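Enquirer: This one is final.csv, CSV, C-alpha atoms and all ligand atoms.
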chain,number,residue,atom,x,y,z
A,534,ALA,CA,88.9,53.8,112.4
A,535,ALA,CA,90.8,56.3,114.4
A,536,ARG,CA,93.0,57.1,111.5
A,537,ASN,CA,90.0,57.6,109.2
A,538,ALA,CA,88.4,59.9,111.8
A,539,LEU,CA,91.6,61.9,112.0
A,540,ARG,CA,91.8,62.2,108.2
A,541,ALA,CA,88.1,63.3,108.0
A,542,GLY,CA,88.8,65.9,110.7
A,543,LEU,CA,91.9,67.2,108.9
A,544,ARG,CA,90.0,67.3,105.6
A,545,GLN,CA,87.3,69.3,107.2
A,546,ALA,CA,89.7,71.7,108.8
A,547,GLN,CA,91.4,72.2,105.5
A,548,GLN,CA,88.2,73.2,103.7
A,549,PRO,CA,88.2,76.9,102.9
A,550,ARG,CA,85.8,78.3,105.5
A,551,MET,CA,85.8,82.0,104.8
A,552,PHE,CA,83.0,81.8,102.3
A,553,SER,CA,79.9,79.7,102.7
A,554,THR,CA,79.1,77.8,99.5
A,555,SER,CA,78.8,74.3,98.6
A,556,ALA,CA,78.2,74.5,94.8
A,557,VAL,CA,80.6,73.4,92.1
A,558,ASN,CA,81.7,76.1,89.7
A,559,ASN,CA,84.1,77.0,86.9
A,560,LYS,CA,85.3,80.6,87.2
A,561,ASN,CA,88.4,82.2,85.8
A,562,VAL,CA,89.5,85.2,87.8
A,563,ALA,CA,92.4,87.5,87.0
A,564,VAL,CA,94.0,90.0,89.4
A,565,LEU,CA,96.0,92.9,87.8
A,566,GLY,CA,98.4,94.4,90.3
A,567,ALA,CA,98.6,91.1,92.1
A,568,SER,CA,102.0,91.7,93.8
A,569,GLY,CA,101.0,94.9,95.6
A,570,GLY,CA,99.8,95.6,99.1
A,571,ILE,CA,96.2,94.7,98.1
A,572,GLY,CA,97.1,92.3,95.3
A,573,GLN,CA,98.9,89.8,97.5
A,574,PRO,CA,96.3,89.3,100.3
A,575,LEU,CA,93.5,89.6,97.7
A,576,SER,CA,95.0,86.8,95.6
A,577,LEU,CA,95.4,84.7,98.8
A,578,LEU,CA,91.8,85.2,99.7
A,579,LEU,CA,90.7,84.4,96.2
A,580,LYS,CA,92.8,81.2,96.3
A,581,ASN,CA,90.7,80.4,99.4
A,582,ASP,CA,87.4,80.9,97.6
A,583,PRO,CA,86.0,77.6,96.4
A,584,LEU,CA,84.2,79.4,93.5
A,585,VAL,CA,87.5,80.3,91.8
A,586,THR,CA,88.9,77.5,89.6
A,587,GLN,CA,91.5,79.5,87.7
A,588,LEU,CA,93.4,82.3,89.3
A,589,ARG,CA,95.6,84.4,87.0
A,590,LEU,CA,97.9,86.9,88.6
A,591,PHE,CA,99.5,89.8,86.7
A,592,ASP,CA,101.8,92.6,87.8
A,593,VAL,CA,104.7,94.5,86.4
A,594,ARG,CA,106.9,92.8,89.0
A,595,LEU,CA,106.9,89.6,91.0
A,596,ALA,CA,103.6,88.0,89.9
A,597,PRO,CA,105.1,84.6,89.0
A,598,GLY,CA,106.7,84.5,92.5
A,599,VAL,CA,103.4,85.4,94.2
A,600,ALA,CA,101.6,82.7,92.1
A,601,ALA,CA,104.2,80.1,92.9
A,602,ASP,CA,103.8,80.8,96.6
A,603,ILE,CA,100.0,80.9,96.6
A,604,GLY,CA,99.8,78.0,94.2
A,605,HIS,CA,101.1,75.6,96.9
A,606,ILE,CA,97.8,76.1,98.9
A,607,ASN,CA,95.7,73.0,98.5
A,608,THR,CA,92.5,74.6,97.3
A,609,PRO,CA,91.1,74.0,93.8
A,610,ALA,CA,92.1,77.3,92.0
A,611,VAL,CA,94.9,76.6,89.5
A,612,THR,CA,97.1,79.6,90.0
A,613,THR,CA,99.4,81.1,87.3
A,614,GLY,CA,101.6,84.3,87.4
A,615,TYR,CA,102.3,86.5,84.5
A,616,SER,CA,104.8,89.4,84.1
A,617,PRO,CA,105.2,91.7,81.0
A,618,ASP,CA,108.2,89.8,79.6
A,619,GLY,CA,107.8,86.4,81.4
A,620,ALA,CA,108.0,83.0,79.8
A,621,GLU,CA,104.3,82.4,80.6
A,622,GLY,CA,103.3,85.3,78.4
A,623,GLY,CA,102.3,88.8,79.5
A,624,LEU,CA,99.1,90.7,80.2
A,625,GLU,CA,97.1,89.4,77.3
A,626,LYS,CA,98.0,85.8,78.0
A,627,CYS,CA,96.9,86.4,81.6
A,628,LEU,CA,93.5,87.7,80.5
A,629,GLU,CA,92.7,84.9,78.0
A,630,GLY,CA,89.4,83.4,79.2
A,631,ALA,CA,89.1,85.7,82.2
A,632,GLU,CA,85.5,86.1,83.4
A,633,VAL,CA,86.2,88.4,86.3
A,634,ILE,CA,89.1,90.9,86.3
A,635,VAL,CA,89.9,92.6,89.5
A,636,ILE,CA,92.2,95.6,89.3
A,637,PRO,CA,94.1,96.9,92.3
A,638,ALA,CA,97.1,98.2,90.2
A,639,GLY,CA,98.3,101.7,90.8
A,640,VAL,CA,100.0,103.9,93.4
A,641,PRO,CA,98.4,104.4,96.9
A,642,ARG,CA,98.2,107.6,98.9
A,643,LYS,CA,100.7,109.1,101.3
A,644,PRO,CA,99.7,111.4,104.2
A,645,GLY,CA,98.5,114.8,102.9
A,646,MET,CA,97.3,113.4,99.6
A,647,THR,CA,93.8,113.1,98.3
A,648,ARG,CA,92.7,110.2,96.2
A,649,ASP,CA,92.4,112.6,93.3
A,650,ASP,CA,96.2,113.4,93.6
A,651,LEU,CA,96.7,109.8,92.3
A,652,PHE,CA,94.8,110.5,89.1
A,653,ASN,CA,97.8,111.5,87.0
A,654,THR,CA,99.6,108.2,87.6
A,655,ASN,CA,96.7,105.8,88.0
A,656,ALA,CA,94.5,107.0,85.1
A,657,SER,CA,97.0,105.7,82.5
A,658,ILE,CA,97.6,102.4,84.3
A,659,VAL,CA,93.9,101.7,84.5
A,660,ARG,CA,93.4,102.8,80.9
A,661,ASP,CA,96.1,100.5,79.6
A,662,LEU,CA,94.9,97.5,81.6
A,663,ALA,CA,91.3,98.2,80.4
A,664,LYS,CA,92.5,98.3,76.8
A,665,ALA,CA,94.0,94.9,77.1
A,666,ALA,CA,90.9,93.6,78.8
A,667,ALA,CA,88.6,95.1,76.1
A,668,LYS,CA,90.7,93.3,73.4
A,669,VAL,CA,91.2,89.9,75.0
A,670,ALA,CA,88.4,89.4,77.5
A,671,PRO,CA,85.6,91.8,76.3
A,672,LYS,CA,82.9,90.0,78.2
A,673,ALA,CA,84.7,89.9,81.5
A,674,HIS,CA,83.3,91.6,84.6
A,675,MET,CA,85.6,94.5,85.5
A,676,LEU,CA,86.1,95.2,89.3
A,677,ILE,CA,88.0,98.4,89.7
A,678,ILE,CA,89.8,99.1,93.0
A,679,SER,CA,92.5,101.6,91.7
A,680,ASN,CA,92.0,105.1,93.0
A,681,PRO,CA,90.5,107.6,92.4
A,682,VAL,CA,87.7,105.1,91.8
A,683,ASN,CA,85.2,107.9,91.1
A,684,SER,CA,87.2,108.7,88.0
A,685,THR,CA,89.0,105.4,87.0
A,686,VAL,CA,85.7,103.6,86.5
A,687,PRO,CA,84.4,106.1,83.9
A,688,ILE,CA,87.8,105.7,82.2
A,689,VAL,CA,87.2,102.0,81.9
A,690,ARG,CA,83.8,102.6,80.4
A,691,GLU,CA,85.2,104.9,77.8
A,692,VAL,CA,87.9,102.4,76.8
A,693,PHE,CA,85.3,99.6,76.5
A,694,LYS,CA,83.0,101.9,74.5
A,695,LYS,CA,85.7,102.9,72.1
A,696,ALA,CA,86.5,99.2,71.5
A,697,GLY,CA,82.7,98.7,70.9
A,698,VAL,CA,82.4,96.1,73.7
A,699,TYR,CA,80.9,98.1,76.6
A,700,ASP,CA,78.3,96.4,78.8
A,701,ALA,CA,77.1,98.6,81.7
A,702,LYS,CA,76.1,95.5,83.6
A,703,LYS,CA,79.7,94.3,83.9
A,704,LEU,CA,81.6,97.3,85.2
A,705,PHE,CA,81.9,97.9,89.0
A,706,GLY,CA,83.9,100.3,91.2
A,707,VAL,CA,84.6,98.3,94.3
A,708,THR,CA,83.2,100.4,97.3
A,709,THR,CA,82.7,97.4,99.6
A,710,LEU,CA,85.4,98.8,102.0
A,711,ASP,CA,83.1,101.7,102.8
A,712,VAL,CA,80.3,99.3,103.7
A,713,THR,CA,82.7,97.1,105.7
A,714,ARG,CA,83.9,100.2,107.7
A,715,ALA,CA,80.4,101.4,108.3
A,716,SER,CA,79.4,98.0,109.7
A,717,THR,CA,82.5,97.9,111.9
A,718,PHE,CA,82.2,101.4,113.3
A,719,LEU,CA,78.4,101.2,113.9
A,720,SER,CA,78.6,97.8,115.5
A,721,GLY,CA,81.3,99.3,117.8
A,722,ILE,CA,78.7,101.8,119.0
A,723,SER,CA,75.6,99.6,119.1
A,724,GLY,CA,77.2,96.4,120.4
A,725,ALA,CA,75.4,94.4,117.8
A,726,ALA,CA,77.4,91.8,115.9
A,727,PRO,CA,79.1,93.3,112.8
A,728,SER,CA,77.5,90.5,110.7
A,729,GLU,CA,74.1,91.8,111.7
A,730,THR,CA,75.0,95.5,111.1
A,731,ILE,CA,74.3,96.3,107.5
A,732,VAL,CA,74.8,99.9,106.5
A,733,PRO,CA,74.2,100.8,102.8
A,734,VAL,CA,76.8,103.3,101.6
A,735,VAL,CA,76.0,105.2,98.5
A,736,GLY,CA,77.6,107.9,96.2
A,737,GLY,CA,81.2,107.4,95.4
A,738,HIS,CA,84.5,106.5,97.1
A,739,SER,CA,86.2,109.6,98.4
A,740,GLY,CA,85.5,112.0,101.3
A,741,VAL,CA,82.2,113.7,101.0
A,742,THR,CA,81.1,111.5,98.1
A,743,ILE,CA,80.9,108.6,100.6
A,744,VAL,CA,77.3,108.7,102.0
A,745,PRO,CA,76.5,106.2,104.7
A,746,LEU,CA,72.7,105.6,105.0
A,747,LEU,CA,72.8,105.0,108.8
A,748,SER,CA,69.1,105.5,109.0
A,749,GLN,CA,68.5,102.3,107.0
A,750,ALA,CA,70.5,100.2,109.5
A,751,ALA,CA,68.6,98.2,112.1
A,752,GLN,CA,70.9,99.7,114.8
A,753,SER,CA,70.3,103.4,113.7
A,754,SER,CA,68.7,104.3,117.0
A,755,SER,CA,71.8,103.5,118.9
A,756,VAL,CA,73.6,106.6,117.4
A,757,LYS,CA,72.8,109.8,119.2
A,758,ALA,CA,71.8,112.7,116.9
A,759,GLY,CA,74.3,115.5,116.8
A,760,GLU,CA,78.0,115.1,117.7
A,761,GLN,CA,78.0,111.2,117.8
A,762,TYR,CA,76.2,110.9,114.5
A,763,GLU,CA,78.4,113.5,112.8
A,764,LYS,CA,81.6,111.9,114.1
A,765,LEU,CA,80.4,108.5,112.9
A,766,VAL,CA,79.6,109.8,109.4
A,767,HIS,CA,83.0,111.6,109.3
A,768,ARG,CA,84.8,108.4,110.4
A,769,ILE,CA,83.1,106.4,107.6
A,770,GLN,CA,83.8,109.1,105.0
A,771,PHE,CA,87.5,109.5,106.0
A,772,GLY,CA,88.3,106.0,107.2
A,773,GLY,CA,90.8,105.7,104.4
A,774,ASP,CA,92.7,108.7,105.9
A,775,GLU,CA,92.8,107.1,109.3
A,776,VAL,CA,94.8,104.1,107.8
A,777,VAL,CA,97.0,106.4,105.6
A,778,LYS,CA,97.9,108.3,108.7
A,779,ALA,CA,98.6,105.2,110.8
A,780,LYS,CA,100.8,103.7,108.1
A,781,ASP,CA,102.7,106.9,108.1
A,782,GLY,CA,104.0,107.1,104.5
A,783,ALA,CA,103.9,103.3,103.8
A,784,GLY,CA,100.6,103.3,101.9
A,785,SER,CA,96.9,103.0,102.5
A,786,ALA,CA,94.5,100.3,103.4
A,787,THR,CA,95.5,97.0,101.9
A,788,LEU,CA,94.4,94.1,104.2
A,789,SER,CA,90.9,95.4,104.9
A,790,MET,CA,90.6,96.3,101.2
A,791,ALA,CA,91.7,92.8,100.2
A,792,TYR,CA,89.0,91.4,102.5
A,793,ALA,CA,86.4,93.7,101.1
A,794,ALA,CA,87.3,92.9,97.4
A,795,ALA,CA,87.3,89.2,98.1
A,796,VAL,CA,83.8,89.5,99.7
A,797,PHE,CA,82.5,91.5,96.6
A,798,THR,CA,84.1,89.0,94.2
A,799,ASN,CA,82.6,86.1,96.0
A,800,SER,CA,79.1,87.7,95.9
A,801,LEU,CA,79.5,88.3,92.1
A,802,LEU,CA,80.7,84.8,91.5
A,803,ARG,CA,77.7,83.4,93.4
A,804,ALA,CA,75.3,85.6,91.4
A,805,LEU,CA,77.0,84.6,88.1
A,806,LYS,CA,76.3,81.0,88.8
A,807,GLY,CA,72.6,81.7,89.5
A,808,GLU,CA,72.3,82.3,93.2
A,809,LYS,CA,69.4,84.7,93.7
A,810,GLY,CA,68.9,87.7,95.9
A,811,ILE,CA,72.5,88.7,96.2
A,812,LYS,CA,73.0,92.5,96.9
A,813,GLU,CA,76.1,94.6,97.3
A,814,CYS,CA,76.7,98.3,97.2
A,815,ALA,CA,78.9,99.1,94.2
A,816,TYR,CA,79.8,102.1,92.0
A,817,VAL,CA,78.0,101.3,88.7
A,818,ASP,CA,76.8,103.0,85.6
A,819,SER,CA,73.5,104.2,87.1
A,820,PRO,CA,70.4,106.2,86.1
A,821,LEU,CA,69.9,107.6,89.6
A,822,TYR,CA,71.7,110.9,89.3
A,823,LYS,CA,72.5,110.9,85.6
A,824,ASP,CA,70.5,114.1,85.0
A,825,GLN,CA,73.1,115.9,87.3
A,826,GLY,CA,76.2,114.7,85.3
A,827,VAL,CA,76.7,111.7,87.6
A,828,ASP,CA,77.0,108.8,85.2
A,829,PHE,CA,78.3,106.5,88.0
A,830,PHE,CA,76.8,106.2,91.4
A,831,ALA,CA,77.2,103.6,94.2
A,832,SER,CA,74.1,102.1,95.6
A,833,ALA,CA,72.7,98.8,96.6
A,834,VAL,CA,72.7,96.6,93.5
A,835,GLU,CA,71.2,93.2,93.0
A,836,LEU,CA,73.6,91.0,91.2
A,837,GLY,CA,72.6,88.3,88.7
A,838,PRO,CA,74.0,85.9,86.1
A,839,GLU,CA,74.9,88.9,83.8
A,840,GLY,CA,76.4,91.1,86.5
A,841,VAL,CA,74.1,94.1,87.5
A,842,LYS,CA,70.6,92.8,87.6
A,843,GLU,CA,68.9,95.7,89.3
A,844,ILE,CA,69.9,99.0,90.7
A,845,ASN,CA,67.9,99.7,93.8
A,846,PRO,CA,66.5,103.2,94.5
A,847,ILE,CA,68.0,105.0,97.4
A,848,GLY,CA,64.9,104.5,99.5
A,849,ASN,CA,63.8,106.5,102.5
A,850,ILE,CA,66.5,108.7,104.0
A,851,SER,CA,66.8,111.2,106.8
A,852,LYS,CA,67.2,115.0,106.4
A,853,GLU,CA,70.9,114.7,107.4
A,854,GLU,CA,71.4,112.1,104.6
A,855,GLU,CA,69.7,114.3,102.1
A,856,LYS,CA,72.2,117.0,103.0
A,857,LEU,CA,75.1,114.6,102.6
A,858,LEU,CA,73.8,113.6,99.2
A,859,GLU,CA,73.5,117.3,98.2
A,860,ALA,CA,77.2,117.7,99.0
A,861,ALA,CA,78.2,114.4,97.3
A,862,VAL,CA,76.5,114.8,93.9
A,863,PRO,CA,78.4,117.9,92.5
A,864,GLU,CA,81.7,116.6,93.7
A,865,LEU,CA,81.0,113.2,92.1
A,866,ALA,CA,79.9,114.9,88.9
A,867,LYS,CA,83.3,116.6,88.7
A,868,ASN,CA,85.2,113.3,89.4
A,869,VAL,CA,83.2,111.4,86.7
A,870,GLN,CA,83.6,114.1,84.1
A,871,LYS,CA,87.4,114.4,84.9
A,872,GLY,CA,87.9,110.8,84.0
A,873,ILE,CA,85.8,111.0,80.8
A,874,LYS,CA,87.5,114.2,79.6
A,875,TRP,CA,91.0,112.8,80.4
A,876,VAL,CA,90.6,109.6,78.5
A,877,GLY,CA,89.0,111.5,75.6
A,878,GLU,CA,92.2,113.6,75.3
A,879,ASN,CA,94.5,110.6,76.1
A,880,PRO,CA,93.0,107.6,74.4
B,901,LIG,P1,100.8,99.0,96.0
B,901,LIG,O1,101.7,100.0,95.5
B,901,LIG,O2,101.2,98.2,97.2
B,901,LIG,O3,100.5,97.9,94.8
B,901,LIG,C1,100.1,98.3,93.5
B,901,LIG,C2,100.7,97.3,92.6
B,901,LIG,O4,100.3,97.6,91.3
B,901,LIG,C3,102.2,97.1,92.6
B,901,LIG,O5,102.5,95.7,92.8
B,901,LIG,C4,102.6,97.6,91.2
B,901,LIG,O6,103.7,96.9,90.7
B,901,LIG,C5,101.4,97.3,90.4
B,901,LIG,N1,101.3,98.0,89.2
B,901,LIG,C6,101.6,99.2,88.9
B,901,LIG,N2,101.5,99.5,87.6
B,901,LIG,C7,101.0,98.4,87.0
B,901,LIG,C8,100.5,98.0,85.7
B,901,LIG,N3,100.6,98.9,84.7
B,901,LIG,N4,100.1,96.8,85.5
B,901,LIG,C9,100.0,95.9,86.6
B,901,LIG,N5,100.4,96.2,87.8
B,901,LIG,C10,100.9,97.4,88.0
B,901,LIG,O7,99.4,99.7,96.2
B,901,LIG,P2,98.1,99.2,97.0
B,901,LIG,O8,98.2,99.6,98.4
B,901,LIG,O9,97.9,97.7,96.7
B,901,LIG,O10,96.9,100.0,96.3
B,901,LIG,C11,96.6,99.9,95.0
B,901,LIG,C12,95.5,100.9,94.5
B,901,LIG,O11,94.3,100.6,95.2
B,901,LIG,C13,95.8,102.3,94.9
B,901,LIG,O12,95.4,103.1,93.8
B,901,LIG,C14,94.9,102.6,96.1
B,901,LIG,O13,94.6,104.0,96.2
B,901,LIG,C15,93.7,101.8,95.8
B,901,LIG,N6,92.8,101.4,96.9
B,901,LIG,C16,91.5,101.4,96.6
B,901,LIG,C17,90.6,101.1,97.6
B,901,LIG,C18,89.1,101.1,97.4
B,901,LIG,O14,88.4,101.0,98.3
B,901,LIG,N7,88.7,101.0,96.2
B,901,LIG,C19,91.1,100.8,98.9
B,901,LIG,C20,92.5,100.8,99.1
B,901,LIG,C21,93.3,101.1,98.1
B,902,LIG,C1,90.6,103.6,101.3
B,902,LIG,O1,89.4,104.0,101.4
B,902,LIG,O2,91.2,103.1,102.3
B,902,LIG,C2,91.3,103.6,100.0
B,902,LIG,O3,90.5,104.3,99.0
B,902,LIG,C3,92.7,104.0,100.1
B,902,LIG,C4,92.8,105.5,100.4
B,902,LIG,O4,93.5,106.2,99.7
B,902,LIG,O5,92.3,105.9,101.4
Would you write out, as structure tokens, the structure that this file holds?

Expert:
Amino acid sequence: AARNALRAGLRQAQQPRMFSTSAVNNKNVAVLGASGGIGQPLSLLLKNDPLVTQLRLFDVRLAPGVAADIGHINTPAVTTGYSPDGAEGGLEKCLEGAEVIVIPAGVPRKPGMTRDDLFNTNASIVRDLAKAAAKVAPKAHMLIISNPVNSTVPIVREVFKKAGVYDAKKLFGVTTLDVTRASTFLSGISGAAPSETIVPVVGGHSGVTIVPLLSQAAQSSSVKAGEQYEKLVHRIQFGGDEVVKAKDGAGSATLSMAYAAAVFTNSLLRALKGEKGIKECAYVDSPLYKDQGVDFFASAVELGPEGVKEINPIGNISKEEEKLLEAAVPELAKNVQKGIKWVGENP
């Protein structure tokens, strides 16, 4: 009896506990750029997600090694690694049957760079990965992490449109890290648990395009108007720079980003299998500011079995937040149009 109890205890301890879910599922998730600073911890977290049954890892280097390592973890996801010239087959083989494709491939920032400075390198990486996805897995949900997100997501749309397989409900720029940061920083001020501290963050994913709606958080009154509010907004908008500076030339946020992407992926997987009422902020093809040239806009989105179920309106916001949005929208329009123009000229 003692042995049985021990086994039961061990079994329980070995259950993945990061994500709460009890349902059975069958989801095939691919990570492109899986050997990178984000790719490796993200793949680890996805291996720990009971909703993932097939985990396909692709990178231009090392993906079979990462897959062999992660594959020894005794969770259900069957893990396979693919490299461009590997025996398992390359990118297209990796994407066969993929239902969710997460893309953290591309170069990260160094101190002194903006995310837009990554455009020249990352635009073509994302375009080429999107082309393969549009060909092999045209119905997959595309989760784009590669920066500059404000521009890479429109590039993916144009590639899918050109291939005649675009579905606006299935394309997401992952902005969950902004929401994660806003929750952490506000809870640091209010003292409330981070899990109870929900701050919608709308707009885009760089500098002034990141617009935290602190007035919509339950703890908003704990932030003093004036300097404390302004510092908090600045910290959320430039949280990425804080990490880039601290890493001192070795890259940008990887671990918190992997966590944020794993959270978003889990939310999407739960919605895909029919769980209701799941909302996340994400950068999606949105009607909210389209009349101002902003085809993509992050806001709270209800997820459903087809991907985007409903894009929520911004809701009531403060005067300060109106000003933040006024600054965000023209910048975002430039970023979106830059991606569309570039991929038009470089198909
Ligand atoms: P990294 O350099 O550590 O990893 C990138 C990986 O991509 C590498 O393993 C590289 O081999 C791989 N890669 C390059 N070209 C590829 C291709 N054509 N196909 C497949 N894989 C390819 O960088 P990182 O720190 O993991 O960051 C990756 C990207 O994510 C950067 O653009 C960064 O700016 C961005 N990022 C976004 C957010 C966000 O909130 N959306 C947060 C952090 C970082
Ligand atoms: C972040 O917000 O941490 C990422 O977009 C990476 C970066 O360049 O700051």

Enquirer: When you count all atoms listed in the file, which of these residues is closest to ligand LIG 901 (chain B): A:Ser576, A:Ser832, A:Thr613, A:Ser679?

Expert: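 The closest residue to ligand LIG 901 (chain B) is A:Ser679.
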
Enquirer: Within 6 Å of ligand LIG 901 (chain B) (counting all atoms listed in the file), which residues show up? I'd like them as a PyMOL selection string.

Expert: chain A and resi 565-566+568-572+592-594+637-642+658+678-680+707-708+710+784-787+790

Enquirer: For ligand LIG 902 (chain B), which residue out of A:Pro733, A:Gly773, A:Pro671, A:Pro617 is the nearest one, using all atoms listed in the file?

Expert: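 For ligand LIG 902 (chain B), the nearest of the candidates is A:Gly773.
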
Enquirer: Which residue is closest to ligand LIG 902 (chain B)? Choose from A:Ala726, A:Leu865, A:Ala750, A:Val776 and count all atoms listed in the file.

Expert: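 Of the candidates, the smallest distance to ligand LIG 902 (chain B) is held by A:Val776.
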
Enquirer: Could you check the closest approach to Asp602 of chain A for each of A:Ile731, A:Leu590, A:Val766, A:Ala673 and tell me which residue wins, using all atoms listed in the file?

Expert: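 Among A:Ile731, A:Leu590, A:Val766, A:Ala673, it is A:Leu590 that comes nearest to Asp602 of chain A.
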
Enquirer: Could you name the residues that touch Glu729 of chain A at 10 Å or less, counting all atoms listed in the file, but leaving out those on the same chain fewer than 6 positions away, as number ranges by chain?

Expert: A: 716, 720, 750-752
